[in-house]
file structure22.csv (CSV, C-alpha atoms)
chain,number,residue,atom,x,y,z
X,22,MET,CA,0.0,0.0,0.0
X,23,LYS,CA,1.5,3.3,-1.1
X,24,VAL,CA,2.3,5.9,1.6
X,25,ILE,CA,0.4,9.1,1.0
X,26,ALA,CA,2.5,12.3,1.2
X,27,ASN,CA,1.4,15.1,3.6
X,28,GLU,CA,-0.1,16.9,0.6
X,29,ASP,CA,-1.6,14.8,-2.2
X,30,SER,CA,-4.4,15.1,-4.7
X,31,CYS,CA,-6.7,12.7,-6.5
X,32,GLY,CA,-9.9,12.7,-8.6
X,33,VAL,CA,-12.3,11.4,-5.9
X,34,LEU,CA,-11.6,11.3,-2.2
X,35,VAL,CA,-13.9,9.2,-0.1
X,36,VAL,CA,-13.8,10.1,3.6
X,37,GLY,CA,-14.8,7.0,5.5
X,38,ALA,CA,-13.6,3.4,4.8
X,39,SER,CA,-17.1,2.1,5.4
X,40,ALA,CA,-19.5,-0.1,3.5
X,41,ALA,CA,-20.9,3.1,1.9
X,42,GLY,CA,-17.4,4.4,1.1
X,43,LEU,CA,-16.2,1.1,-0.5
X,44,ALA,CA,-19.5,0.8,-2.4
X,45,THR,CA,-18.9,4.3,-3.9
X,46,VAL,CA,-15.4,3.3,-5.1
X,47,GLU,CA,-16.7,0.1,-6.5
X,48,ALA,CA,-19.6,1.8,-8.3
X,49,LEU,CA,-17.3,4.4,-9.8
X,50,ARG,CA,-15.0,1.7,-11.2
X,51,ARG,CA,-18.0,-0.4,-12.4
X,52,LYS,CA,-19.3,2.7,-14.3
X,53,GLY,CA,-16.0,3.3,-16.0
X,54,TYR,CA,-14.3,5.9,-13.9
X,55,GLN,CA,-10.5,5.7,-14.5
X,56,GLY,CA,-9.3,8.6,-12.4
X,57,GLY,CA,-7.5,8.5,-9.1
X,58,LEU,CA,-9.4,7.2,-6.0
X,59,THR,CA,-8.4,7.7,-2.3
X,60,VAL,CA,-10.2,6.3,0.7
X,61,LEU,CA,-9.5,7.9,4.0
X,62,GLY,CA,-10.4,5.8,7.1
X,63,ALA,CA,-10.4,6.7,10.8
X,64,GLU,CA,-9.9,3.1,11.8
X,65,PRO,CA,-6.9,0.9,11.1
X,66,HIS,CA,-9.0,-1.7,9.4
X,67,LEU,CA,-9.9,-2.1,5.7
X,68,PRO,CA,-13.6,-1.9,5.0
X,69,TYR,CA,-15.7,-4.4,6.9
X,70,ASP,CA,-19.4,-5.2,7.4
X,71,ARG,CA,-21.1,-3.9,10.6
X,72,PRO,CA,-24.3,-6.0,10.8
X,73,PRO,CA,-22.3,-9.2,11.8
X,74,LEU,CA,-20.6,-7.3,14.7
X,75,SER,CA,-23.5,-7.8,17.0
X,76,LYS,CA,-24.1,-11.3,16.0
X,77,GLN,CA,-21.5,-13.6,14.3
X,78,VAL,CA,-18.4,-11.7,15.4
X,79,LEU,CA,-19.6,-11.1,18.9
X,80,SER,CA,-20.6,-14.7,19.4
X,81,GLY,CA,-17.3,-16.0,17.9
X,82,VAL,CA,-19.0,-17.9,15.0
X,83,TRP,CA,-17.0,-15.7,12.7
X,84,ASP,CA,-13.3,-14.8,12.9
X,85,PRO,CA,-12.9,-11.0,12.6
X,86,GLU,CA,-11.4,-11.3,9.2
X,87,ARG,CA,-14.6,-12.8,7.8
X,88,ALA,CA,-16.3,-9.5,8.4
X,89,HIS,CA,-14.1,-7.8,5.9
X,90,LEU,CA,-16.1,-6.8,2.9
X,91,ARG,CA,-13.6,-7.8,0.2
X,92,PRO,CA,-10.4,-9.9,0.1
X,93,GLN,CA,-7.2,-8.0,-0.5
X,94,ALA,CA,-7.1,-9.0,-4.2
X,95,ALA,CA,-10.4,-7.4,-4.9
X,96,LEU,CA,-9.4,-4.2,-3.1
X,97,SER,CA,-6.1,-4.1,-5.1
X,98,ALA,CA,-8.1,-4.5,-8.3
X,99,LEU,CA,-9.9,-1.2,-7.6
X,100,ASP,CA,-6.6,0.6,-8.0
X,101,ALA,CA,-7.5,2.9,-5.0
X,102,GLU,CA,-5.3,4.2,-2.2
X,103,PHE,CA,-6.5,3.4,1.3
X,104,VAL,CA,-5.2,5.8,4.0
X,105,LEU,CA,-6.1,4.2,7.3
X,106,ALA,CA,-6.0,5.1,11.0
X,107,ASP,CA,-6.0,8.9,10.2
X,108,PRO,CA,-9.3,10.5,11.0
X,109,ALA,CA,-10.5,13.6,9.0
X,110,VAL,CA,-10.5,16.7,11.2
X,111,GLY,CA,-11.5,19.4,8.8
X,112,LEU,CA,-12.8,20.2,5.3
X,113,ASP,CA,-12.3,23.2,3.0
X,114,PRO,CA,-15.2,22.7,0.5
X,115,ALA,CA,-14.0,25.4,-1.9
X,116,ALA,CA,-10.6,23.9,-2.2
X,117,ARG,CA,-12.0,20.3,-1.9
X,118,THR,CA,-9.3,19.6,0.7
X,119,VAL,CA,-9.6,17.3,3.7
X,120,HIS,CA,-7.3,17.8,6.7
X,121,THR,CA,-6.4,14.8,8.8
X,122,ALA,CA,-5.3,14.2,12.4
X,123,SER,CA,-1.8,13.4,11.3
X,124,GLY,CA,-1.5,16.7,9.4
X,125,ARG,CA,-2.1,15.5,5.9
X,126,ALA,CA,-4.0,17.8,3.4
X,127,LEU,CA,-5.7,15.6,0.8
X,128,ARG,CA,-7.1,17.4,-2.2
X,129,ALA,CA,-9.6,16.1,-4.7
X,130,ASP,CA,-11.8,17.1,-7.6
X,131,THR,CA,-14.7,15.5,-5.7
X,132,VAL,CA,-15.1,14.6,-2.0
X,133,VAL,CA,-17.6,12.0,-0.8
X,134,VAL,CA,-18.4,12.1,2.9
X,135,ALA,CA,-19.0,8.6,4.3
X,136,THR,CA,-18.1,9.0,8.0
X,137,GLY,CA,-21.1,7.2,9.4
X,138,LEU,CA,-22.2,7.5,13.1
X,139,ARG,CA,-20.8,7.9,16.6
X,140,PRO,CA,-22.6,5.9,19.4
X,141,ARG,CA,-24.2,7.9,22.2
X,142,MET,CA,-22.8,7.4,25.7
X,143,LEU,CA,-24.2,7.7,29.2
X,144,SER,CA,-22.8,10.2,31.6
X,145,GLY,CA,-19.8,8.8,33.5
X,146,GLN,CA,-19.5,5.6,31.4
X,147,ALA,CA,-16.0,6.5,30.2
X,148,ASN,CA,-14.7,6.3,33.8
X,149,LEU,CA,-15.8,2.7,34.4
X,150,ALA,CA,-14.2,-0.5,33.1
X,151,GLY,CA,-16.6,-3.1,31.8
X,152,VAL,CA,-18.9,-0.5,30.0
X,153,HIS,CA,-19.0,-0.8,26.2
X,154,VAL,CA,-20.6,0.5,23.1
X,155,LEU,CA,-20.7,-1.5,19.9
X,156,ARG,CA,-20.0,0.4,16.6
X,157,THR,CA,-16.6,-0.8,15.4
X,158,LEU,CA,-14.8,-4.1,14.9
X,159,ASP,CA,-12.6,-3.3,17.8
X,160,ASP,CA,-15.7,-2.5,20.0
X,161,ALA,CA,-17.0,-6.0,19.2
X,162,LEU,CA,-13.8,-7.7,20.0
X,163,ALA,CA,-13.4,-5.8,23.3
X,164,LEU,CA,-17.0,-6.6,24.3
X,165,ARG,CA,-16.5,-10.3,23.4
X,166,ALA,CA,-13.4,-10.5,25.6
X,167,ASP,CA,-15.3,-9.1,28.5
X,168,LEU,CA,-18.3,-11.3,28.0
X,169,LEU,CA,-16.2,-14.4,28.0
X,170,ALA,CA,-14.8,-13.5,31.4
X,171,SER,CA,-18.2,-12.6,32.9
X,172,SER,CA,-21.6,-14.0,33.8
X,173,ARG,CA,-24.0,-11.0,34.0
X,174,LEU,CA,-24.7,-8.5,31.2
X,175,VAL,CA,-27.0,-5.5,31.3
X,176,VAL,CA,-27.9,-4.0,27.9
X,177,VAL,CA,-29.0,-0.4,28.2
X,178,GLY,CA,-31.2,0.1,25.1
X,179,GLU,CA,-34.1,-1.8,23.7
X,180,GLY,CA,-33.7,-0.8,20.0
X,181,VAL,CA,-32.4,-3.0,17.2
X,182,LEU,CA,-28.8,-3.1,18.3
X,183,GLY,CA,-29.6,-3.6,22.0
X,184,ALA,CA,-32.0,-6.5,21.2
X,185,GLU,CA,-29.5,-8.2,18.9
X,186,ILE,CA,-26.7,-7.9,21.5
X,187,ALA,CA,-29.0,-9.3,24.2
X,188,ALA,CA,-29.9,-12.3,22.0
X,189,THR,CA,-26.3,-13.0,21.1
X,190,ALA,CA,-25.0,-12.7,24.7
X,191,HIS,CA,-27.7,-15.0,26.0
X,192,GLY,CA,-26.6,-17.6,23.4
X,193,MET,CA,-23.0,-17.3,24.8
X,194,GLY,CA,-24.3,-18.4,28.2
X,195,LEU,CA,-24.6,-15.1,30.0
X,196,GLU,CA,-27.4,-14.0,32.3
X,197,VAL,CA,-28.8,-11.0,30.3
X,198,THR,CA,-31.0,-8.1,31.3
X,199,MET,CA,-32.3,-5.6,28.9
X,200,ALA,CA,-33.3,-2.1,30.2
X,201,GLY,CA,-34.8,1.0,28.6
X,202,PRO,CA,-37.7,3.3,28.6
X,203,GLN,CA,-39.7,1.7,25.8
X,204,PRO,CA,-42.4,-0.8,26.9
X,205,ALA,CA,-41.1,-3.6,24.7
X,206,PRO,CA,-38.1,-4.3,22.4
X,207,MET,CA,-38.1,-2.1,19.3
X,208,ALA,CA,-41.5,-0.6,20.2
X,209,SER,CA,-40.8,2.6,18.4
X,210,GLN,CA,-39.5,0.8,15.3
X,211,VAL,CA,-42.2,-1.8,14.8
X,212,GLY,CA,-45.2,-0.8,16.9
X,213,PRO,CA,-46.8,-2.5,19.9
X,214,LEU,CA,-48.1,-5.7,18.2
X,215,VAL,CA,-44.7,-7.0,16.9
X,216,ALA,CA,-42.8,-5.5,19.9
X,217,GLU,CA,-44.9,-7.6,22.3
X,218,LEU,CA,-44.0,-10.7,20.2
X,219,LEU,CA,-40.3,-9.7,20.5
X,220,ALA,CA,-40.8,-9.4,24.3
X,221,GLU,CA,-42.3,-12.8,24.4
X,222,LEU,CA,-39.4,-14.2,22.3
X,223,HIS,CA,-36.7,-12.7,24.5
X,224,THR,CA,-38.5,-13.7,27.7
X,225,GLU,CA,-39.0,-17.3,26.6
X,226,ARG,CA,-35.3,-17.6,25.7
X,227,GLY,CA,-34.3,-16.3,29.1
X,228,VAL,CA,-33.5,-12.6,28.6
X,229,ARG,CA,-34.7,-10.6,31.7
X,230,LEU,CA,-36.7,-7.5,30.6
X,231,ARG,CA,-36.7,-4.4,32.8
X,232,LEU,CA,-38.4,-2.0,30.4
X,233,GLY,CA,-40.6,1.0,30.7
X,234,ALA,CA,-38.1,2.9,32.9
X,235,GLY,CA,-35.1,5.1,32.1
X,236,VAL,CA,-31.6,4.6,33.4
X,237,SER,CA,-30.5,7.1,36.0
X,238,ARG,CA,-26.8,6.2,36.3
X,239,LEU,CA,-24.2,3.4,36.3
X,240,SER,CA,-22.9,2.0,39.6
X,241,GLY,CA,-19.3,1.0,40.1
X,242,HIS,CA,-16.7,0.0,42.6
X,243,ARG,CA,-13.0,0.7,42.3
X,244,GLY,CA,-13.3,1.8,38.7
X,245,LYS,CA,-15.3,-1.2,37.6
X,246,VAL,CA,-19.0,-1.2,36.7
X,247,THR,CA,-21.2,-3.2,39.1
X,248,GLY,CA,-24.7,-2.3,38.0
X,249,VAL,CA,-27.3,-0.1,36.4
X,250,ARG,CA,-29.6,2.0,38.4
X,251,LEU,CA,-33.1,2.7,36.9
X,252,ASP,CA,-35.3,5.7,37.5
X,253,THR,CA,-37.5,3.5,39.6
X,254,GLY,CA,-34.6,3.0,42.1
X,255,GLU,CA,-34.0,-0.6,41.1
X,256,VAL,CA,-30.4,-1.6,40.6
X,257,LEU,CA,-29.6,-4.2,38.0
X,258,PRO,CA,-26.3,-6.0,39.0
X,259,ALA,CA,-23.8,-6.4,36.1
X,260,ASP,CA,-20.3,-7.6,35.4
X,261,VAL,CA,-20.6,-5.9,31.9
X,262,VAL,CA,-22.8,-3.2,30.6
X,263,VAL,CA,-23.5,-2.4,26.9
X,264,VAL,CA,-24.9,1.1,26.1
X,265,ALA,CA,-27.0,0.9,22.9
X,266,ILE,CA,-29.0,4.1,23.1
X,267,GLY,CA,-28.6,5.2,19.5
X,268,ALA,CA,-25.9,7.1,17.6
X,269,ASP,CA,-25.4,10.5,16.0
X,270,PRO,CA,-24.0,11.3,12.5
X,271,ALA,CA,-20.2,11.9,12.6
X,272,THR,CA,-20.2,15.4,11.4
X,273,GLU,CA,-18.2,17.2,14.1
X,274,TRP,CA,-15.2,17.3,11.9
X,275,LEU,CA,-17.1,19.5,9.4
X,276,ALA,CA,-17.4,22.4,11.9
X,277,GLY,CA,-16.2,25.6,10.3
X,278,SER,CA,-16.6,24.2,6.8
X,279,GLY,CA,-19.7,26.2,6.0
X,280,LEU,CA,-21.6,23.0,5.1
X,281,ARG,CA,-25.0,22.6,6.7
X,282,THR,CA,-25.3,19.8,9.3
X,283,ALA,CA,-28.5,19.0,11.0
X,284,ASN,CA,-28.9,15.3,12.1
X,285,GLY,CA,-26.5,14.5,9.2
X,286,LEU,CA,-24.8,16.3,6.4
X,287,VAL,CA,-27.6,18.0,4.6
X,288,CYS,CA,-27.8,17.3,0.9
X,289,ASP,CA,-30.1,17.9,-2.1
X,290,SER,CA,-32.0,15.2,-3.9
X,291,HIS,CA,-28.8,14.1,-5.6
X,292,CYS,CA,-27.0,13.6,-2.3
X,293,ARG,CA,-24.9,16.7,-3.0
X,294,ALA,CA,-24.0,19.0,-0.1
X,295,ALA,CA,-22.1,21.5,-2.2
X,296,GLU,CA,-20.4,21.7,-5.5
X,297,GLY,CA,-18.2,18.7,-5.7
X,298,ILE,CA,-19.2,17.5,-2.2
X,299,TYR,CA,-21.4,14.4,-1.7
X,300,ALA,CA,-22.5,12.3,1.2
X,301,VAL,CA,-23.4,8.6,1.4
X,302,GLY,CA,-24.6,6.2,4.1
X,303,ASP,CA,-25.6,6.8,7.7
X,304,VAL,CA,-24.2,10.4,7.7
X,305,ALA,CA,-26.1,11.6,4.7
X,306,ARG,CA,-29.4,13.6,5.1
X,307,TRP,CA,-30.8,14.2,1.7
X,308,HIS,CA,-34.0,15.5,0.1
X,309,HIS,CA,-36.2,12.7,-1.0
X,310,ASP,CA,-38.1,14.4,-3.8
X,311,ARG,CA,-40.9,11.9,-4.1
X,312,LEU,CA,-41.7,12.2,-0.4
X,313,GLY,CA,-41.0,15.9,-0.3
X,314,ILE,CA,-39.0,15.7,3.0
X,315,SER,CA,-35.4,15.4,4.2
X,316,LEU,CA,-34.5,11.9,5.2
X,317,ARG,CA,-31.6,10.0,6.7
X,318,LEU,CA,-31.4,6.2,6.8
X,319,GLU,CA,-29.2,3.9,8.9
X,320,ASN,CA,-28.9,0.5,7.2
X,321,ARG,CA,-26.6,-1.5,5.0
X,322,THR,CA,-29.0,-1.6,2.0
X,323,ASN,CA,-29.2,2.2,1.9
X,324,ALA,CA,-25.4,2.5,2.0
X,325,ILE,CA,-25.1,0.4,-1.1
X,326,GLU,CA,-28.0,1.9,-3.1
X,327,GLN,CA,-27.0,5.5,-2.2
X,328,ALA,CA,-23.4,4.9,-3.2
X,329,ASP,CA,-24.5,3.8,-6.6
X,330,THR,CA,-26.5,6.9,-7.2
X,331,VAL,CA,-23.7,9.2,-5.9
X,332,ALA,CA,-21.2,7.5,-8.2
X,333,ALA,CA,-23.6,8.0,-11.2
X,334,ASN,CA,-24.0,11.7,-10.3
X,335,ILE,CA,-20.2,12.2,-9.9
X,336,LEU,CA,-19.9,10.9,-13.5
X,337,GLY,CA,-22.4,13.4,-14.9
X,338,ASP,CA,-25.8,11.7,-14.5
X,339,ASP,CA,-28.8,13.5,-13.1
X,340,GLN,CA,-30.2,10.9,-10.7
X,341,PRO,CA,-32.3,11.9,-7.6
X,342,TYR,CA,-32.1,9.2,-4.9
X,343,ARG,CA,-35.5,7.8,-4.2
X,344,PRO,CA,-35.3,4.6,-2.1
X,345,VAL,CA,-37.9,2.7,-0.2
X,346,PRO,CA,-36.8,2.8,3.4
X,347,TYR,CA,-35.7,-0.7,4.6
X,348,PHE,CA,-34.1,-2.4,7.6
X,349,TRP,CA,-33.8,-5.9,9.0
X,350,THR,CA,-32.8,-7.6,12.2
X,351,ASP,CA,-31.9,-11.1,13.3
X,352,GLN,CA,-32.7,-12.1,16.9
X,353,PHE,CA,-32.6,-15.8,18.1
X,354,ASP,CA,-34.4,-17.6,15.3
X,355,ALA,CA,-36.4,-14.6,14.1
X,356,ARG,CA,-35.6,-12.6,11.0
X,357,ILE,CA,-37.6,-9.4,10.8
X,358,GLN,CA,-37.6,-7.3,7.6
X,359,VAL,CA,-39.3,-3.9,7.2
X,360,HIS,CA,-40.0,-2.1,3.9
X,361,GLY,CA,-41.3,1.5,4.1
X,362,VAL,CA,-42.3,3.1,7.4
X,363,LEU,CA,-44.3,1.8,10.4
X,364,PRO,CA,-45.7,5.0,12.0
X,365,ALA,CA,-47.0,5.2,15.6
X,366,GLY,CA,-50.7,4.3,15.7
X,367,ALA,CA,-50.7,2.6,12.3
X,368,GLU,CA,-53.4,0.0,11.5
X,369,VAL,CA,-51.8,-3.4,11.2
X,370,THR,CA,-53.2,-6.2,9.1
X,371,ILE,CA,-51.8,-9.8,8.9
X,372,THR,CA,-51.8,-10.7,5.2
X,373,ASP,CA,-49.8,-13.9,5.2
X,374,GLY,CA,-49.1,-16.6,7.9
X,375,ASP,CA,-50.1,-16.0,11.5
X,376,LEU,CA,-48.8,-14.5,14.7
X,377,ALA,CA,-49.0,-17.8,16.7
X,378,SER,CA,-46.5,-19.6,14.5
X,379,ARG,CA,-44.3,-16.5,14.3
X,380,ARG,CA,-44.3,-16.7,10.5
X,381,PHE,CA,-46.3,-13.8,9.1
X,382,VAL,CA,-46.4,-10.7,7.0
X,383,ALA,CA,-48.1,-7.5,8.3
X,384,LEU,CA,-49.2,-4.5,6.3
X,385,TYR,CA,-49.1,-1.1,8.1
X,386,ARG,CA,-51.6,1.6,7.1
X,387,HIS,CA,-51.7,5.2,8.2
X,388,GLY,CA,-54.7,7.4,7.2
X,389,GLY,CA,-56.0,4.5,5.1
X,390,ARG,CA,-52.8,4.3,3.0
X,391,VAL,CA,-50.2,1.6,3.0
X,392,THR,CA,-47.0,2.9,4.6
X,393,GLY,CA,-45.0,-0.2,5.3
X,394,VAL,CA,-44.7,-4.0,5.3
X,395,LEU,CA,-43.1,-6.2,8.0
X,396,GLY,CA,-42.2,-9.8,7.6
X,397,TRP,CA,-41.3,-12.2,10.4
X,398,ASN,CA,-39.5,-15.3,9.0
X,399,MET,CA,-41.3,-14.9,5.6
X,400,PRO,CA,-38.8,-13.2,3.4
X,401,LYS,CA,-40.2,-14.2,0.0
X,402,GLN,CA,-43.8,-13.1,0.9
X,403,THR,CA,-42.4,-9.9,2.4
X,404,ARG,CA,-40.6,-9.0,-0.8
X,405,LEU,CA,-43.8,-9.6,-2.8
X,406,ARG,CA,-45.7,-7.2,-0.6
X,407,ARG,CA,-43.0,-4.5,-1.0
X,408,GLN,CA,-44.6,-3.4,-4.3
X,409,GLU,CA,-47.6,-2.1,-2.3
X,410,VAL,CA,-45.2,0.2,-0.5
X,411,ILE,CA,-43.5,1.3,-3.7
X,412,ASP,CA,-46.9,2.1,-5.2
X,413,ALA,CA,-47.8,4.2,-2.2
X,414,LEU,CA,-44.4,6.0,-1.9
X,415,PRO,CA,-45.7,9.5,-2.7
X,416,ASP,CA,-48.2,9.2,0.2
X,417,LEU,CA,-45.6,8.2,2.9
X,418,ALA,CA,-44.5,11.7,3.8
X,419,PRO,CA,-47.1,12.4,6.5
X,420,ALA,CA,-46.1,9.1,8.2
X,421,LEU,CA,-42.4,10.2,8.2
X,422,ARG,CA,-42.9,13.6,9.7

call {"tool": "encode", "arguments": {"input": "structure22.csv", "output": "C-alpha cells"}}
result
Amino acid sequence: MKVIANEDSCGVLVVGASAAGLATVEALRRKGYQGGLTVLGAEPHLPYDRPPLSKQVLSGVWDPERAHLRPQAALSALDAEFVLADPAVGLDPAARTVHTASGRALRADTVVVATGLRPRMLSGQANLAGVHVLRTLDDALALRADLLASSRLVVVGEGVLGAEIAATAHGMGLEVTMAGPQPAPMASQVGPLVAELLAELHTERGVRLRLGAGVSRLSGHRGKVTGVRLDTGEVLPADVVVVAIGADPATEWLAGSGLRTANGLVCDSHCRAAEGIYAVGDVARWHHDRLGISLRLENRTNAIEQADTVAANILGDDQPYRPVPYFWTDQFDARIQVHGVLPAGAEVTITDGDLASRRFVALYRHGGRVTGVLGWNMPKQTRLRRQEVIDALPDLAPALR
C-alpha cells in the first residue's frame, strides 16, 4: 500500500472506509471511472461489514477477518489508495481539501463524505471499566473478551442493536437483562403488536426484561462497573454493561466548513452537499423528492444503493435518490424485515401466515394508505408485498414527519 504524502491530490476522495465508502469506489469503477481514488479511514481496518458485529463476530461464530467486505485481491483490483488510522478533522469545500489528524492535506476534484455514526454514551461511562458501546470491529472484540470472562450482562437500550446484543450474549451463556424506557423491544420501530411478540421471544429464551423505565446512572466499585440504576430506584447487577441508546452522525469534523449539518450532512435530492461534495450512508441527510422531505437512513442496504446513485452523479448523470426505506434484524431464530415506514398508531393487518406460528407478513396503514410491510420469517412473501409500499411511496410523507 502506497504511503500518501502530507499533501496529495486525486480525482475522488472518499472520507470513510465504510461499506458506503467502499460501495462508492466500486460503483465508480464499475461505471467506467478511471481517475485517481483515495479512501480515508479513521480506523486501522480495511472496510468491513457492521451487521455481523452484534451477531456472528460477537458470538465468535466468525473470525474477525470474515467481516471484511472484500479480500485483498479485490481491493487491489480497484486501484484505489487506502489511507487508514488517520481521521478527518476538517474540510475546506471550496478547495476540496480534507485535513487529517496526522497533518495531511488531501485534495480532490470530488469529496464523498461517508463518516457514518458515533454511538451515544451515558454520563460517566468512560470512567468505568466493563462498560461498552458497539459500533466498530474493535468494539465488538473488546466486548466479546469481557463477556467471555463474565456471567451477567445488562444491555441499556431496547432498540435493534440492543436487542441483537441481548440475543447474542444469551446464546453465549450469560445472564442477560435488557433495560430501557420503551415498553417492549423495538416498540418505536415496529409498533406494539410486533414489539410484544419480541418481548415474548426474549423472555422465553431467558432474557430478563426491565423495560418502561429510564436509566439514571451506572454503579461502580474501584473503577469497575457493578450495576445499572433505573429511574425506579431498582439496581440491576452487572459484570458488563453495553450502552446501545442510539448514535449520532459523525459530522463534528465538518465544523467551520460552512456546510450545513442537522442530524447529518444536509444534501439535495442528488446527495450533493455543495459543488463537488457528496454524502453517502448513515451520515447523509438528503431531500427525497418523491416524499418531499429530508431523510436519513441507517442501514446497509441504503449505504449500497445511495453509493450507486452518488457514483452516477459524480460521473455526470442527473439521478435523484428515491429509495424505499428498509431495515432488518436477526434475533434468536427470528428474521424481521421492514420495507417502508411503520408509524405510531398505524393500523396493522396480517396478510400472510399467522402470529401464533411467528411466521407472518403484516401491512401497516396510516390514514387509510399503506406505509410499510413487516415480515417475520417470511422473506419471499415480504418482498412480494414490498410493491404495495412502492406504489404508495408519494403518500408516505405524513407518516415520516

call {"tool": "residues_around", "arguments": {"input": "structure22.csv", "residues": "Pro73 in chain X", "least_positions_apart": "6", "cutoff": "9 Å", "atoms": "all atoms listed in the file", "output": "number ranges by chain"}}
result
X: 79, 83, 88

call {"tool": "write_last_selection", "arguments": {"input": "structure22.csv", "atoms": "C-alpha atoms", "output": "CSV table (one decimal), in the coordinates of the input"}}
result
chain,number,residue,atom,x,y,z
X,79,LEU,CA,-19.6,-11.1,18.9
X,83,TRP,CA,-17.0,-15.7,12.7
X,88,ALA,CA,-16.3,-9.5,8.4

call {"tool": "residues_near_point", "arguments": {"input": "structure22.csv", "point": "(-48.0, -14.2, 19.7)", "cutoff": "6 Å", "atoms": "all atoms listed in the file", "output": "JSON, numbers by chain"}}
result
{"X": [218, 376, 377]}

call {"tool": "closest_residue", "arguments": {"input": "structure22.csv", "among": "X:Val261, X:Val359, X:Cys31, X:Val132", "to": "Ala170 in chain X", "atoms": "all atoms listed in the file"}}
result
X:Val261

call {"tool": "atom_distance", "arguments": {"input": "structure22.csv", "atom1": "CA of Pro270 in chain X", "atom2": "CA of Ser39 in chain X"}}
result
13.5 Å

call {"tool": "closest_residue", "arguments": {"input": "structure22.csv", "among": "X:Val211, X:Ala205, X:Ala63, X:Ala413", "to": "Leu395 in chain X", "atoms": "only C-alpha atoms"}}
result
X:Val211

call {"tool": "closest_residue", "arguments": {"input": "structure22.csv", "among": "X:Val152, X:Ala216, X:Leu232, X:Val176", "to": "Thr247 in chain X", "atoms": "all atoms listed in the file"}}
result
X:Val152

call {"tool": "closest_residue", "arguments": {"input": "structure22.csv", "among": "X:Ala163, X:Val394, X:Val175, X:Ala365", "to": "Glu196 in chain X", "atoms": "all atoms listed in the file"}}
result
X:Val175

call {"tool": "residues_around", "arguments": {"input": "structure22.csv", "residues": "Met142 in chain X", "least_positions_apart": "3", "cutoff": "12 Å", "atoms": "only C-alpha atoms", "output": "list in words"}}
result
Arg139, Gly145, Gln146, Ala147, Asn148, Val152, His153, Val154, Leu155, Arg156, Val177, Gly178, Arg238, Leu239, Val262, Val263, Val264, Ala265, Ile266, Gly267, Ala268 and Asp269 of chain X

call {"tool": "residues_around", "arguments": {"input": "structure22.csv", "residues": "His223 in chain X", "least_positions_apart": "3", "cutoff": "12 Å", "atoms": "all atoms listed in the file", "output": "VMD selection string"}}
result
chain X and resid 179 183 to 192 197 to 199 205 to 207 216 to 220 226 to 231 352 to 355

call {"tool": "closest_residue", "arguments": {"input": "structure22.csv", "among": "X:Leu34, X:Pro108, X:Arg50, X:Leu127", "to": "Leu96 in chain X", "atoms": "all atoms listed in the file"}}
result
X:Arg50

call {"tool": "residues_near_point", "arguments": {"input": "structure22.csv", "point": "(-28.5, 5.9, -3.5)", "cutoff": "9 Å", "atoms": "all atoms listed in the file", "output": "PyMOL selection string"}}
result
chain X and resi 291-292+301-302+323-332+340-344

call {"tool": "atom_distance", "arguments": {"input": "structure22.csv", "atom1": "CA of Thr403 in chain X", "atom2": "CA of Ala41 in chain X"}}
result
25.1 Å

call {"tool": "closest_residue", "arguments": {"input": "structure22.csv", "among": "X:Leu195, X:Gly57, X:Leu174, X:Ala333", "to": "Asp130 in chain X", "atoms": "all atoms listed in the file"}}
result
X:Gly57

call {"tool": "atom_distance", "arguments": {"input": "structure22.csv", "atom1": "CA of Val382 in chain X", "atom2": "CA of Leu214 in chain X"}}
result
12.4 Å

call {"tool": "residues_around", "arguments": {"input": "structure22.csv", "residues": "Ala283 in chain X", "least_positions_apart": "6", "cutoff": "12 Å", "atoms": "all atoms listed in the file", "output": "list in words"}}
result
Asp269, Pro270, Ala271, Thr272, Glu273, Leu275, Ala276, Ala294, Val304, Ala305, Arg306, Trp307, Ser315, Leu316 and Arg317 of chain X

call {"tool": "residues_around", "arguments": {"input": "structure22.csv", "residues": "Gln210 in chain X", "least_positions_apart": "6", "cutoff": "9 Å", "atoms": "only C-alpha atoms", "output": "list in words"}}
result
Gly180, Val181, Ala216, Val362, Leu363, Pro364 and Ala365 of chain X

call {"tool": "build_atoms", "arguments": {"input": "structure22.csv", "residues": "range 301-310 of chain X", "atoms": "N, CA and C atoms", "output": "mmCIF file, in the frame of the given file"}}
result
data_model
loop_
_atom_site.group_PDB
_atom_site.id
_atom_site.type_symbol
_atom_site.label_atom_id
_atom_site.label_comp_id
_atom_site.auth_asym_id
_atom_site.auth_seq_id
_atom_site.Cartn_x
_atom_site.Cartn_y
_atom_site.Cartn_z
ATOM 1 N N VAL X 301 -22.815 9.902 1.566
ATOM 2 C CA VAL X 301 -23.400 8.600 1.400
ATOM 3 C C VAL X 301 -23.530 7.895 2.775
ATOM 4 N N GLY X 302 -24.497 7.003 2.890
ATOM 5 C CA GLY X 302 -24.600 6.200 4.100
ATOM 6 C C GLY X 302 -25.261 6.858 5.256
ATOM 7 N N ASP X 303 -24.925 6.387 6.454
ATOM 8 C CA ASP X 303 -25.600 6.800 7.700
ATOM 9 C C ASP X 303 -25.469 8.320 7.946
ATOM 10 N N VAL X 304 -24.424 8.949 7.445
ATOM 11 C CA VAL X 304 -24.200 10.400 7.700
ATOM 12 C C VAL X 304 -24.974 11.289 6.813
ATOM 13 N N ALA X 305 -25.515 10.776 5.725
ATOM 14 C CA ALA X 305 -26.100 11.600 4.700
ATOM 15 C C ALA X 305 -27.609 11.893 5.026
ATOM 16 N N ARG X 306 -27.970 13.157 5.016
ATOM 17 C CA ARG X 306 -29.400 13.600 5.100
ATOM 18 C C ARG X 306 -29.733 14.291 3.847
ATOM 19 N N TRP X 307 -30.572 13.693 3.059
ATOM 20 C CA TRP X 307 -30.800 14.200 1.700
ATOM 21 C C TRP X 307 -32.329 14.450 1.517
ATOM 22 N N HIS X 308 -32.649 15.213 0.462
ATOM 23 C CA HIS X 308 -34.000 15.500 0.100
ATOM 24 C C HIS X 308 -34.591 14.429 -0.774
ATOM 25 N N HIS X 309 -35.563 13.697 -0.260
ATOM 26 C CA HIS X 309 -36.200 12.700 -1.000
ATOM 27 C C HIS X 309 -37.357 13.350 -1.803
ATOM 28 N N ASP X 310 -37.165 13.549 -3.117
ATOM 29 C CA ASP X 310 -38.100 14.400 -3.800
ATOM 30 C C ASP X 310 -39.463 13.787 -4.080
#
